[in-house]
>>> print(open('query38.txt').read())   # compact mmCIF, C-alpha atoms
# COMPACT_ATOMS: atom_id res chain seq x y z
CA MET A 1043 0.00 0.00 0.00
CA MET A 1044 1.38 3.39 -1.00
CA ARG A 1045 2.29 5.73 1.83
CA ARG A 1046 -0.12 8.62 2.18
CA PHE A 1047 1.18 12.08 1.36
CA PRO A 1048 -0.57 15.31 2.48
CA LEU A 1049 -1.42 16.57 -1.01
CA GLU A 1050 -3.59 19.34 0.39
CA LYS A 1051 -0.47 20.81 2.03
CA PHE A 1052 1.59 20.39 -1.12
CA GLN A 1053 -0.72 22.65 -3.14
CA ASN A 1054 0.81 25.83 -1.72
CA LEU A 1055 4.43 24.69 -1.89
CA ASP A 1056 6.87 25.39 -4.69
CA THR A 1057 8.25 22.23 -6.23
CA PRO A 1058 10.61 20.46 -6.26
CA PHE A 1059 11.16 19.85 -2.55
CA TYR A 1060 12.19 17.09 -0.20
CA PHE A 1061 9.55 15.68 2.10
CA TYR A 1062 10.59 13.76 5.20
CA ASP A 1063 8.55 11.32 7.27
CA MET A 1064 9.99 11.97 10.74
CA ALA A 1065 7.88 9.21 12.31
CA LEU A 1066 9.60 6.65 10.07
CA LEU A 1067 13.00 8.10 10.98
CA GLU A 1068 12.11 7.72 14.67
CA SER A 1069 10.97 4.12 14.14
CA THR A 1070 14.17 3.29 12.28
CA ILE A 1071 16.40 4.65 15.03
CA LYS A 1072 14.38 2.92 17.74
CA THR A 1073 14.74 -0.38 15.85
CA ILE A 1074 18.51 0.04 15.79
CA LYS A 1075 18.70 0.91 19.48
CA ARG A 1076 16.53 -2.08 20.41
CA LEU A 1077 18.70 -4.50 18.44
CA ILE A 1078 22.02 -3.32 19.91
CA LYS A 1079 20.78 -3.05 23.48
CA ASP A 1080 23.17 -4.76 25.92
CA LYS A 1081 25.79 -5.22 23.18
CA PRO A 1082 29.16 -3.41 23.05
CA TYR A 1083 28.01 -1.71 19.83
CA HIS A 1084 28.15 2.00 18.99
CA ILE A 1085 26.43 3.72 16.04
CA HIS A 1086 27.83 6.77 14.26
CA TYR A 1087 25.45 8.38 11.78
CA ALA A 1088 27.17 9.00 8.42
CA VAL A 1089 26.38 12.68 7.94
CA LYS A 1090 27.30 12.59 4.25
CA ALA A 1091 24.05 10.70 3.62
CA ASN A 1092 21.93 13.67 4.67
CA GLY A 1093 23.17 16.81 6.37
CA ASN A 1094 19.81 18.54 6.73
CA PRO A 1095 19.96 20.24 10.17
CA THR A 1096 16.49 19.03 11.20
CA ILE A 1097 17.38 15.43 10.32
CA MET A 1098 20.72 15.70 12.11
CA LYS A 1099 19.18 17.16 15.26
CA ALA A 1100 16.59 14.38 15.39
CA ILE A 1101 19.32 11.73 15.15
CA ALA A 1102 21.59 13.45 17.67
CA ALA A 1103 18.69 13.63 20.14
CA HIS A 1104 18.72 9.81 20.25
CA GLY A 1105 22.34 9.80 21.41
CA LEU A 1106 23.91 8.42 18.23
CA GLY A 1107 27.40 9.45 17.26
CA ALA A 1108 28.47 11.03 13.98
CA ASP A 1109 30.65 9.78 11.14
CA LEU A 1110 32.22 12.75 9.35
CA VAL A 1111 34.23 13.28 6.17
CA SER A 1112 34.99 17.01 6.17
CA GLY A 1113 35.54 19.97 8.44
CA GLY A 1114 32.18 21.32 7.36
CA GLU A 1115 30.52 18.13 8.58
CA ILE A 1116 32.37 18.36 11.90
CA GLN A 1117 30.98 21.85 12.46
CA ALA A 1118 27.49 20.86 11.29
CA ALA A 1119 27.49 17.91 13.69
CA ILE A 1120 28.52 20.14 16.59
CA ASN A 1121 25.79 22.62 15.67
CA ALA A 1122 23.23 19.78 15.57
CA GLY A 1123 24.11 18.59 19.07
CA PHE A 1124 26.28 15.53 18.38
CA LYS A 1125 28.82 14.98 21.14
CA PRO A 1126 32.49 15.23 20.09
CA GLU A 1127 33.30 12.14 22.14
CA LYS A 1128 31.06 10.20 19.72
CA MET A 1129 32.50 11.64 16.50
CA VAL A 1130 34.72 9.74 14.06
CA TYR A 1131 36.39 11.56 11.19
CA SER A 1132 37.25 9.72 7.96
CA GLY A 1133 38.60 10.82 4.59
CA VAL A 1134 41.72 10.37 2.50
CA GLY A 1135 42.43 14.09 2.18
CA LYS A 1136 42.04 15.74 5.58
CA THR A 1137 43.50 19.25 5.51
CA ASP A 1138 45.43 20.82 8.38
CA ARG A 1139 42.50 23.13 9.08
CA GLU A 1140 40.11 20.21 9.29
CA ILE A 1141 42.43 18.16 11.49
CA ASN A 1142 42.87 21.11 13.82
CA LEU A 1143 39.10 21.49 14.07
CA GLY A 1144 38.85 17.86 15.17
CA LEU A 1145 41.68 18.32 17.66
CA GLU A 1146 40.09 21.48 19.02
CA HIS A 1147 36.95 19.56 19.90
CA ASN A 1148 38.81 16.41 21.04
CA ILE A 1149 36.77 14.11 18.82
CA PHE A 1150 36.61 10.39 19.59
CA CYS A 1151 38.70 9.24 16.66
CA PHE A 1152 40.40 10.14 13.40
CA ASN A 1153 40.12 7.24 10.93
CA VAL A 1154 43.60 7.54 9.43
CA GLU A 1155 44.11 6.44 5.81
CA SER A 1156 47.87 6.73 5.26
CA ILE A 1157 51.17 6.80 7.16
CA PRO A 1158 51.89 10.40 6.03
CA GLU A 1159 48.52 11.41 7.52
CA LEU A 1160 49.56 9.85 10.84
CA SER A 1161 52.66 12.02 10.90
CA VAL A 1162 50.73 15.20 10.09
CA ILE A 1163 48.13 14.54 12.80
CA SER A 1164 50.92 13.89 15.31
CA ASP A 1165 52.71 17.14 14.39
CA LEU A 1166 49.53 19.21 14.63
CA ALA A 1167 48.58 17.60 17.94
CA LEU A 1168 52.06 18.30 19.29
CA LYS A 1169 51.74 21.98 18.39
CA ARG A 1170 48.46 22.15 20.31
CA GLY A 1171 49.78 20.18 23.25
CA VAL A 1172 47.11 17.49 22.92
CA VAL A 1173 46.89 13.79 22.12
CA ALA A 1174 45.02 12.74 18.97
CA ASN A 1175 42.87 9.62 19.09
CA VAL A 1176 43.22 7.58 15.90
CA SER A 1177 42.20 4.32 14.32
CA ILE A 1178 43.84 2.98 11.19
CA ARG A 1179 41.61 2.37 8.19
CA VAL A 1180 42.47 -0.97 6.68
CA ASN A 1181 41.70 -1.81 3.06
CA PRO A 1182 40.66 -5.47 3.36
CA ASP A 1183 40.59 -6.08 -0.42
CA ILE A 1184 37.02 -7.39 -0.37
CA ASP A 1185 34.89 -6.89 -3.47
CA ALA A 1186 31.32 -6.17 -2.32
CA HIS A 1187 30.06 -6.33 -5.94
CA THR A 1188 28.23 -3.03 -5.85
CA HIS A 1189 28.46 -0.13 -8.32
CA ARG A 1190 32.13 0.68 -8.90
CA TYR A 1191 31.60 4.24 -7.64
CA ILE A 1192 30.47 3.00 -4.20
CA THR A 1193 32.93 0.13 -3.74
CA THR A 1194 35.54 1.18 -1.18
CA GLY A 1195 37.27 -1.97 0.08
CA THR A 1196 39.24 -3.36 -2.88
CA ALA A 1197 42.95 -2.94 -3.52
CA GLU A 1198 42.32 -0.57 -6.43
CA ASN A 1199 40.31 1.89 -4.31
CA LYS A 1200 41.89 5.02 -2.84
CA PHE A 1201 40.65 4.30 0.67
CA GLY A 1202 42.62 2.86 3.56
CA ILE A 1203 45.98 1.19 4.13
CA SER A 1204 46.72 -2.15 2.51
CA VAL A 1205 47.06 -5.19 4.76
CA GLU A 1206 50.70 -5.51 3.67
CA MET A 1207 51.48 -2.05 5.09
CA LEU A 1208 49.33 -2.37 8.21
CA VAL A 1209 52.00 -3.54 10.65
CA ASP A 1210 54.24 -0.59 9.73
CA ALA A 1211 51.29 1.78 10.16
CA VAL A 1212 50.41 0.35 13.58
CA LYS A 1213 54.03 0.51 14.77
CA THR A 1214 54.33 4.07 13.47
CA ALA A 1215 51.17 5.10 15.31
CA LYS A 1216 52.47 3.60 18.54
CA ARG A 1217 55.83 5.29 18.12
CA LEU A 1218 54.62 8.78 17.24
CA PRO A 1219 54.25 11.28 20.06
CA ASN A 1220 50.82 12.76 20.67
CA ILE A 1221 49.03 9.82 19.01
CA ARG A 1222 46.76 7.38 20.83
CA LEU A 1223 45.93 4.35 18.71
CA ARG A 1224 42.42 3.20 19.58
CA GLY A 1225 41.75 0.58 16.96
CA LEU A 1226 41.24 -0.53 13.39
CA HIS A 1227 38.66 0.75 10.92
CA PHE A 1228 37.14 -0.98 7.88
CA HIS A 1229 34.54 -0.19 5.22
CA VAL A 1230 33.81 -2.48 2.28
CA GLY A 1231 31.23 -0.55 0.26
CA SER A 1232 27.74 0.86 0.12
CA GLN A 1233 24.19 -0.35 -0.61
CA LEU A 1234 25.02 -3.92 0.44
CA THR A 1235 21.93 -6.12 0.65
CA SER A 1236 23.79 -9.41 1.02
CA MET A 1237 25.45 -10.25 4.33
CA LYS A 1238 28.22 -12.22 2.60
CA PRO A 1239 30.67 -9.28 2.30
CA TYR A 1240 30.19 -8.57 6.02
CA ALA A 1241 30.86 -12.21 6.92
CA MET A 1242 34.00 -12.05 4.76
CA LEU A 1243 35.01 -8.86 6.54
CA CYS A 1244 34.58 -10.59 9.91
CA ASP A 1245 36.92 -13.38 8.77
CA SER A 1246 39.53 -10.80 7.73
CA VAL A 1247 39.25 -8.91 11.01
CA ASN A 1248 39.50 -12.13 13.02
CA GLY A 1249 42.71 -13.06 11.20
CA LEU A 1250 44.22 -9.63 11.80
CA LEU A 1251 43.32 -9.68 15.49
CA ASP A 1252 44.90 -13.13 15.86
CA TYR A 1253 48.04 -11.84 14.16
CA PHE A 1254 48.31 -8.77 16.37
CA ASP A 1255 47.67 -10.90 19.45
CA ARG A 1256 50.84 -12.78 18.59
CA LEU A 1257 52.69 -9.45 18.39
CA GLY A 1258 51.33 -8.43 21.79
CA ILE A 1259 49.32 -5.56 20.27
CA SER A 1260 45.69 -5.06 21.28
CA PHE A 1261 42.98 -2.61 20.23
CA GLU A 1262 40.18 -1.18 22.35
CA MET A 1263 37.80 -0.89 19.40
CA ILE A 1264 37.03 -2.17 15.93
CA ASN A 1265 35.07 -0.05 13.46
CA VAL A 1266 33.43 -2.01 10.64
CA GLY A 1267 31.92 0.98 8.82
CA GLY A 1268 28.44 0.83 7.37
CA GLY A 1269 27.09 0.32 3.87
CA LEU A 1270 23.92 -1.59 4.75
CA GLY A 1271 21.51 -1.27 1.84
CA ILE A 1272 17.79 -0.58 1.64
CA ASP A 1273 15.03 -1.91 -0.60
CA TYR A 1274 14.65 0.78 -3.26
CA ASP A 1275 11.97 -1.26 -5.04
CA LYS A 1276 9.58 -1.70 -2.09
CA PRO A 1277 9.75 1.43 0.10
CA ASP A 1278 6.27 0.89 1.55
CA VAL A 1279 6.61 -2.87 2.06
CA ILE A 1280 10.11 -2.76 3.57
CA PRO A 1281 10.49 0.74 5.04
CA ILE A 1282 13.19 -0.28 7.56
CA ALA A 1283 16.46 -1.92 6.53
CA ASP A 1284 17.40 -5.42 7.64
CA PHE A 1285 19.28 -4.34 10.74
CA GLU A 1286 18.51 -7.63 12.50
CA HIS A 1287 20.52 -9.78 10.10
CA PHE A 1288 23.16 -7.07 9.79
CA PHE A 1289 23.97 -6.94 13.50
CA ASP A 1290 23.51 -10.69 13.86
CA THR A 1291 26.15 -11.28 11.16
CA PHE A 1292 28.73 -9.50 13.28
CA ALA A 1293 27.53 -11.08 16.52
CA ARG A 1294 27.93 -14.58 15.03
CA ASN A 1295 31.12 -14.10 13.00
CA LEU A 1296 33.28 -11.45 14.63
CA LYS A 1297 35.43 -12.62 17.54
CA LEU A 1298 35.77 -9.51 19.65
CA ARG A 1299 38.33 -9.57 22.43
CA LYS A 1300 37.38 -9.02 26.05
CA ASN A 1301 36.05 -5.48 26.60
CA GLN A 1302 36.59 -4.65 22.91
CA GLN A 1303 33.97 -2.28 21.49
CA LEU A 1304 32.43 -2.49 18.02
CA HIS A 1305 31.58 0.65 16.08
CA PHE A 1306 29.36 1.11 13.00
CA GLU A 1307 28.94 4.01 10.57
CA LEU A 1308 25.39 3.83 9.18
CA GLY A 1309 23.91 6.47 6.91
CA ARG A 1310 21.72 5.39 4.02
CA SER A 1311 19.97 2.68 6.06
CA ILE A 1312 18.92 5.28 8.65
CA VAL A 1313 17.59 8.07 6.46
CA ALA A 1314 16.95 6.86 2.89
CA GLN A 1315 13.40 5.58 3.27
CA CYS A 1316 12.10 8.55 5.25
CA GLY A 1317 12.68 10.99 2.39
CA SER A 1318 10.95 11.56 -0.96
CA LEU A 1319 11.60 14.12 -3.66
CA ILE A 1320 8.32 15.76 -4.66
CA ALA A 1321 7.97 17.29 -8.13
CA ARG A 1322 5.21 18.43 -10.46
CA VAL A 1323 4.57 17.41 -14.03
CA ILE A 1324 5.37 20.34 -16.33
CA TYR A 1325 4.54 18.67 -19.63
CA VAL A 1326 3.51 15.34 -21.08
CA LYS A 1327 5.29 15.02 -24.42
CA GLU A 1328 5.13 12.45 -27.22
CA ASN A 1329 7.86 11.66 -29.75
CA ARG A 1330 7.22 8.84 -32.23
CA ASP A 1331 6.78 5.76 -30.02
CA LYS A 1332 7.87 7.45 -26.80
CA LYS A 1333 5.90 9.35 -24.20
CA PHE A 1334 7.73 11.58 -21.77
CA VAL A 1335 6.67 12.95 -18.43
CA ILE A 1336 8.74 16.08 -17.90
CA VAL A 1337 8.91 17.09 -14.24
CA ASP A 1338 10.33 20.18 -12.58
CA ALA A 1339 12.89 18.18 -10.55
CA GLY A 1340 16.12 17.19 -12.21
CA MET A 1341 19.53 15.65 -11.65
CA THR A 1342 20.46 18.80 -9.75
CA ASP A 1343 17.94 17.78 -7.09
CA LEU A 1344 18.54 14.00 -7.16
CA ILE A 1345 21.71 12.95 -8.95
CA ARG A 1346 21.74 9.25 -8.07
CA PRO A 1347 20.03 8.05 -11.29
CA ALA A 1348 22.44 10.02 -13.47
CA LEU A 1349 25.57 9.27 -11.42
CA TYR A 1350 25.01 5.67 -10.34
CA GLN A 1351 22.31 4.53 -12.80
CA ALA A 1352 20.18 4.10 -9.66
CA HIS A 1353 16.43 3.70 -9.76
CA HIS A 1354 13.89 5.19 -7.38
CA VAL A 1355 10.25 4.14 -7.31
CA ILE A 1356 8.25 6.84 -9.11
CA GLN A 1357 4.64 7.46 -8.08
CA ASN A 1358 1.95 9.77 -9.42
CA LEU A 1359 0.39 11.06 -6.20
CA SER A 1360 -2.38 12.91 -8.03
CA ALA A 1361 -3.68 9.95 -10.03
CA GLY A 1362 -7.42 9.50 -9.81
CA GLY A 1363 -8.39 7.40 -12.80
CA PRO A 1364 -7.89 3.71 -13.64
CA GLY A 1365 -5.81 4.09 -16.81
CA VAL A 1366 -2.04 3.63 -17.10
CA GLU A 1367 0.59 4.66 -19.64
CA THR A 1368 4.26 3.92 -20.19
CA TYR A 1369 6.53 6.96 -19.88
CA ASP A 1370 10.13 8.02 -19.63
CA VAL A 1371 10.26 10.34 -16.62
CA VAL A 1372 12.78 13.10 -17.20
CA GLY A 1373 13.84 16.43 -15.77
CA PRO A 1374 14.47 19.89 -17.22
CA ILE A 1375 18.28 19.94 -16.99
CA CYS A 1376 20.20 20.50 -20.19
CA GLU A 1377 21.84 17.06 -20.09
CA SER A 1378 20.78 13.79 -21.73
CA SER A 1379 21.53 11.98 -18.47
CA ASP A 1380 18.75 13.88 -16.69
CA VAL A 1381 16.46 10.84 -16.62
CA PHE A 1382 14.73 9.40 -13.55
CA GLY A 1383 13.11 6.38 -15.17
CA VAL A 1384 12.69 4.67 -18.53
CA ASN A 1385 9.51 2.81 -19.51
CA GLU A 1386 7.80 3.60 -16.22
CA VAL A 1387 4.23 2.32 -16.04
CA LEU A 1388 2.26 5.04 -14.26
CA PRO A 1389 -1.33 6.17 -13.90
CA VAL A 1390 -2.08 8.55 -16.74
CA CYS A 1391 -0.18 11.76 -16.02
CA HIS A 1392 -1.32 15.33 -16.57
CA ARG A 1393 0.27 18.73 -16.25
CA GLY A 1394 0.35 19.74 -12.58
CA ASP A 1395 0.27 16.22 -11.13
CA PHE A 1396 2.46 15.62 -8.09
CA ILE A 1397 5.18 13.03 -8.63
CA ALA A 1398 7.12 11.38 -5.79
CA LEU A 1399 10.57 9.88 -6.20
CA ARG A 1400 10.81 7.56 -3.23
CA SER A 1401 13.68 6.44 -1.00
CA ALA A 1402 15.47 9.74 -1.62
CA GLY A 1403 16.41 10.59 1.96
CA ALA A 1404 20.04 9.55 1.47
CA TYR A 1405 22.38 11.16 -1.06
CA GLY A 1406 19.53 13.24 -2.44
CA GLU A 1407 19.40 16.60 -0.73
CA SER A 1408 23.04 16.27 0.40
CA MET A 1409 24.26 15.95 -3.22
CA ALA A 1410 22.01 18.59 -4.74
CA SER A 1411 23.68 21.30 -6.81
CA ALA A 1412 22.96 24.65 -8.41
CA TYR A 1413 23.93 23.51 -11.92
CA ASN A 1414 21.98 25.45 -14.59
CA MET A 1415 21.74 28.12 -11.84
CA ARG A 1416 18.81 26.28 -10.29
CA PRO A 1417 17.90 26.95 -6.65
CA LEU A 1418 18.56 24.18 -4.16
CA PRO A 1419 15.41 22.27 -3.16
CA LYS A 1420 13.76 23.14 0.15
CA ALA A 1421 12.75 20.56 2.73
CA TYR A 1422 9.53 19.98 4.63
CA PHE A 1423 8.80 17.55 7.45
CA GLN A 1424 5.87 15.49 8.69
CA LYS A 1425 5.89 14.31 12.30
>>> encode(input="query38.txt", output="structure tokens")
Amino acid sequence: MMRRFPLEKFQNLDTPFYFYDMALLESTIKTIKRLIKDKPYHIHYAVKANGNPTIMKAIAAHGLGADLVSGGEIQAAINAGFKPEKMVYSGVGKTDREINLGLEHNIFCFNVESIPELSVISDLALKRGVVANVSIRVNPDIDAHTHRYITTGTAENKFGISVEMLVDAVKTAKRLPNIRLRGLHFHVGSQLTSMKPYAMLCDSVNGLLDYFDRLGISFEMINVGGGLGIDYDKPDVIPIADFEHFFDTFARNLKLRKNQQLHFELGRSIVAQCGSLIARVIYVKENRDKKFVIVDAGMTDLIRPALYQAHHVIQNLSAGGPGVETYDVVGPICESSDVFGVNEVLPVCHRGDFIALRSAGAYGESMASAYNMRPLPKAYFQK
């Protein structure tokens, strides 16, 4: 059954805009907290998925931490009420200014991605007279078989330190002044709907922990990243991601040491299903054997279809009659890639109809741009 949208409220709003179901966001977070209760698990919300201040404040209010990839995200997380002692900061290209911002707020951990970065963080911490908390991001060389743009854990990716260089990195971290090595960090990819890559990751982590045990080196925490996928095809049937099997995979396969803590960085699975991009039909156009629905939202508002060849369920919220047609749903941007769906079977569309692109709460608003000098989409919320 299709989720109900308040069309009467939409009538006075300029499209396109993002519309967020805050009740679903609350239910999602409560599901996560219920499943990790009494476990040594810690959740950091991946802010890159959606940095809307209202969304961030709602998540911070539940006590989750934040996973950050820029200085701007650090500041946004602080403004939203996330606690610095629950912040982890990733990224292959941290600048001195960004590192200093993290040091200033004494964040929980820098996820370090190279030995040169370790040295820079140590030098900057020394100048400030503080100790920097770090974990080392390991590239486990696991192919998660997702889109090549969202695979992060293979040897050809730019992220992390290869297993062959890990011992040197760990020894360097322990030797450098003003560095406190807290643990190891991993991330194998994004939009993973199979638990197999996570089970493989657990095997890799177990082997590394056994190896470091033999060297007499221990870690207080392991961070396994995030990447849990959602069901883009059935947003109303499966509105909450499969967190139960996700956490259970780690509980069954990962051999944590005594008092060792496990950290996760979840983004898409928390916010994707609560958000929809709402647009209006501008024109219905016919060319030879093709019918087009041209909407006022474009790749500037939701770039995932153009960038990743992703598909979002498209719904005509205004449909009242029984008839259907097959359309290509496209936007107004001056690019041939500005296409949301090809051969979409929809109720007959008319100028002015409201169209919803579902499951757009992650990497939708956060990746919007002003290309073609278009204004950024606004956001509205339903409790």
>>> closest_atom_pairs(input="query38.txt", of="segment 1054-1086 of chain A", to="segment 1290-1296 of chain A", cutoff="10 Å", atoms="only C-alpha atoms", output="Markdown table")
| residue | atom | partner | partner_atom | distance |
| --- | --- | --- | --- | --- |
| A:Leu1077 | CA | A:Asp1290 | CA | 9.1 |
| A:Ile1078 | CA | A:Asp1290 | CA | 9.7 |
| A:Lys1081 | CA | A:Ala1293 | CA | 9.0 |
| A:Tyr1083 | CA | A:Ala1293 | CA | 9.9 |
>>> write_last_selection(input="query38.txt", atoms="C-alpha atoms", output="short mmCIF file (atom, residue, chain, number, x, y, z; two decimals), keeping the file's coordinate frame")
data_model
loop_
_atom_site.label_atom_id
_atom_site.label_comp_id
_atom_site.auth_asym_id
_atom_site.auth_seq_id
_atom_site.Cartn_x
_atom_site.Cartn_y
_atom_site.Cartn_z
CA LEU A 1077 18.70 -4.50 18.44
CA ILE A 1078 22.02 -3.32 19.91
CA LYS A 1081 25.79 -5.22 23.18
CA TYR A 1083 28.01 -1.71 19.83
#
>>> closest_atom_pairs(input="query38.txt", of="segment 1313-1335 of chain A", to="segment 1264-1275 of chain A", cutoff="12 Å", atoms="only C-alpha atoms", output="Markdown table")
| residue | atom | partner | partner_atom | distance |
| --- | --- | --- | --- | --- |
| A:Val1313 | CA | A:Ile1272 | CA | 9.9 |
| A:Ala1314 | CA | A:Ile1272 | CA | 7.6 |
| A:Gln1315 | CA | A:Ile1272 | CA | 7.7 |
| A:Cys1316 | CA | A:Ile1272 | CA | 11.3 |
| A:Gly1317 | CA | A:Tyr1274 | CA | 11.8 |
| A:Ser1318 | CA | A:Tyr1274 | CA | 11.6 |
>>> residues_around(input="query38.txt", residues="segment 1242-1252 of chain A", least_positions_apart="4", cutoff="9 Å", atoms="all atoms listed in the file", output="list in words")
Pro1182, Ile1184, Val1205, Leu1226, Phe1228, His1229, Val1230, Met1237, Lys1238, Arg1256, Leu1257, Ile1259, Ser1260, Phe1261, Ile1264, Val1266, Thr1291, Phe1292, Asn1295, Leu1296, Lys1297, Leu1298 and Arg1299 of chain A
>>> residues_around(input="query38.txt", residues="segment 1114-1130 of chain A", least_positions_apart="5", cutoff="8 Å", atoms="only C-alpha atoms", output="list in words")
His1086, Val1089, Lys1090, Gly1093, Pro1095, Met1098, Lys1099, Ala1102, Ala1103, Gly1105, Leu1106, Gly1107, Ala1108, Asp1109, Leu1143, Gly1144, His1147, Asn1148, Ile1149, Phe1150, Cys1151, Phe1152 and Asn1153 of chain A
>>> atom_distance(input="query38.txt", atom1="atom CA of Phe1061 of chain A", atom2="atom CA of Leu1319 of chain A")
6.3 Å
>>> atom_distance(input="query38.txt", atom1="atom CA of Phe1059 of chain A", atom2="atom CA of Glu1407 of chain A")
9.0 Å
>>> closest_residue(input="query38.txt", among="A:Asn1358, A:Thr1235, A:Asn1092, A:Asn1054", to="Val1387 of chain A", atoms="all atoms listed in the file")
A:Asn1358
>>> closest_residue(input="query38.txt", among="A:Val1390, A:Ile1280, A:Leu1160, A:Met1409", to="Lys1216 of chain A", atoms="all atoms listed in the file")
A:Leu1160
>>> residues_around(input="query38.txt", residues="Ala1100 of chain A", least_positions_apart="6", cutoff="9 Å", atoms="all atoms listed in the file", output="PyMOL selection string")
chain A and resi 1064+1067-1068+1122
>>> closest_residue(input="query38.txt", among="A:Ser1132, A:Thr1214, A:Asn1181, A:Ser1204", to="Ser1161 of chain A", atoms="all atoms listed in the file")
A:Thr1214
>>> residues_around(input="query38.txt", residues="Asp1331 of chain A", least_positions_apart="2", cutoff="12 Å", atoms="only C-alpha atoms", output="list in words")
Lys1327, Glu1328, Asn1329, Lys1333, Phe1334, Thr1368, Tyr1369, Asp1370 and Asn1385 of chain A
>>> closest_residue(input="query38.txt", among="A:Gln1357, A:Thr1137, A:Thr1342, A:Gln1351", to="Leu1418 of chain A", atoms="all atoms listed in the file")
A:Thr1342
>>> residues_near_point(input="query38.txt", point="(21.8, 13.7, -9.0)", cutoff="10 Å", atoms="all atoms listed in the file", output="PyMOL selection string")
chain A and resi 1340-1352+1379-1382+1405-1411
>>> closest_residue(input="query38.txt", among="A:Arg1393, A:Lys1300, A:Arg1217, A:Arg1046", to="Ser1164 of chain A", atoms="all atoms listed in the file")
A:Arg1217
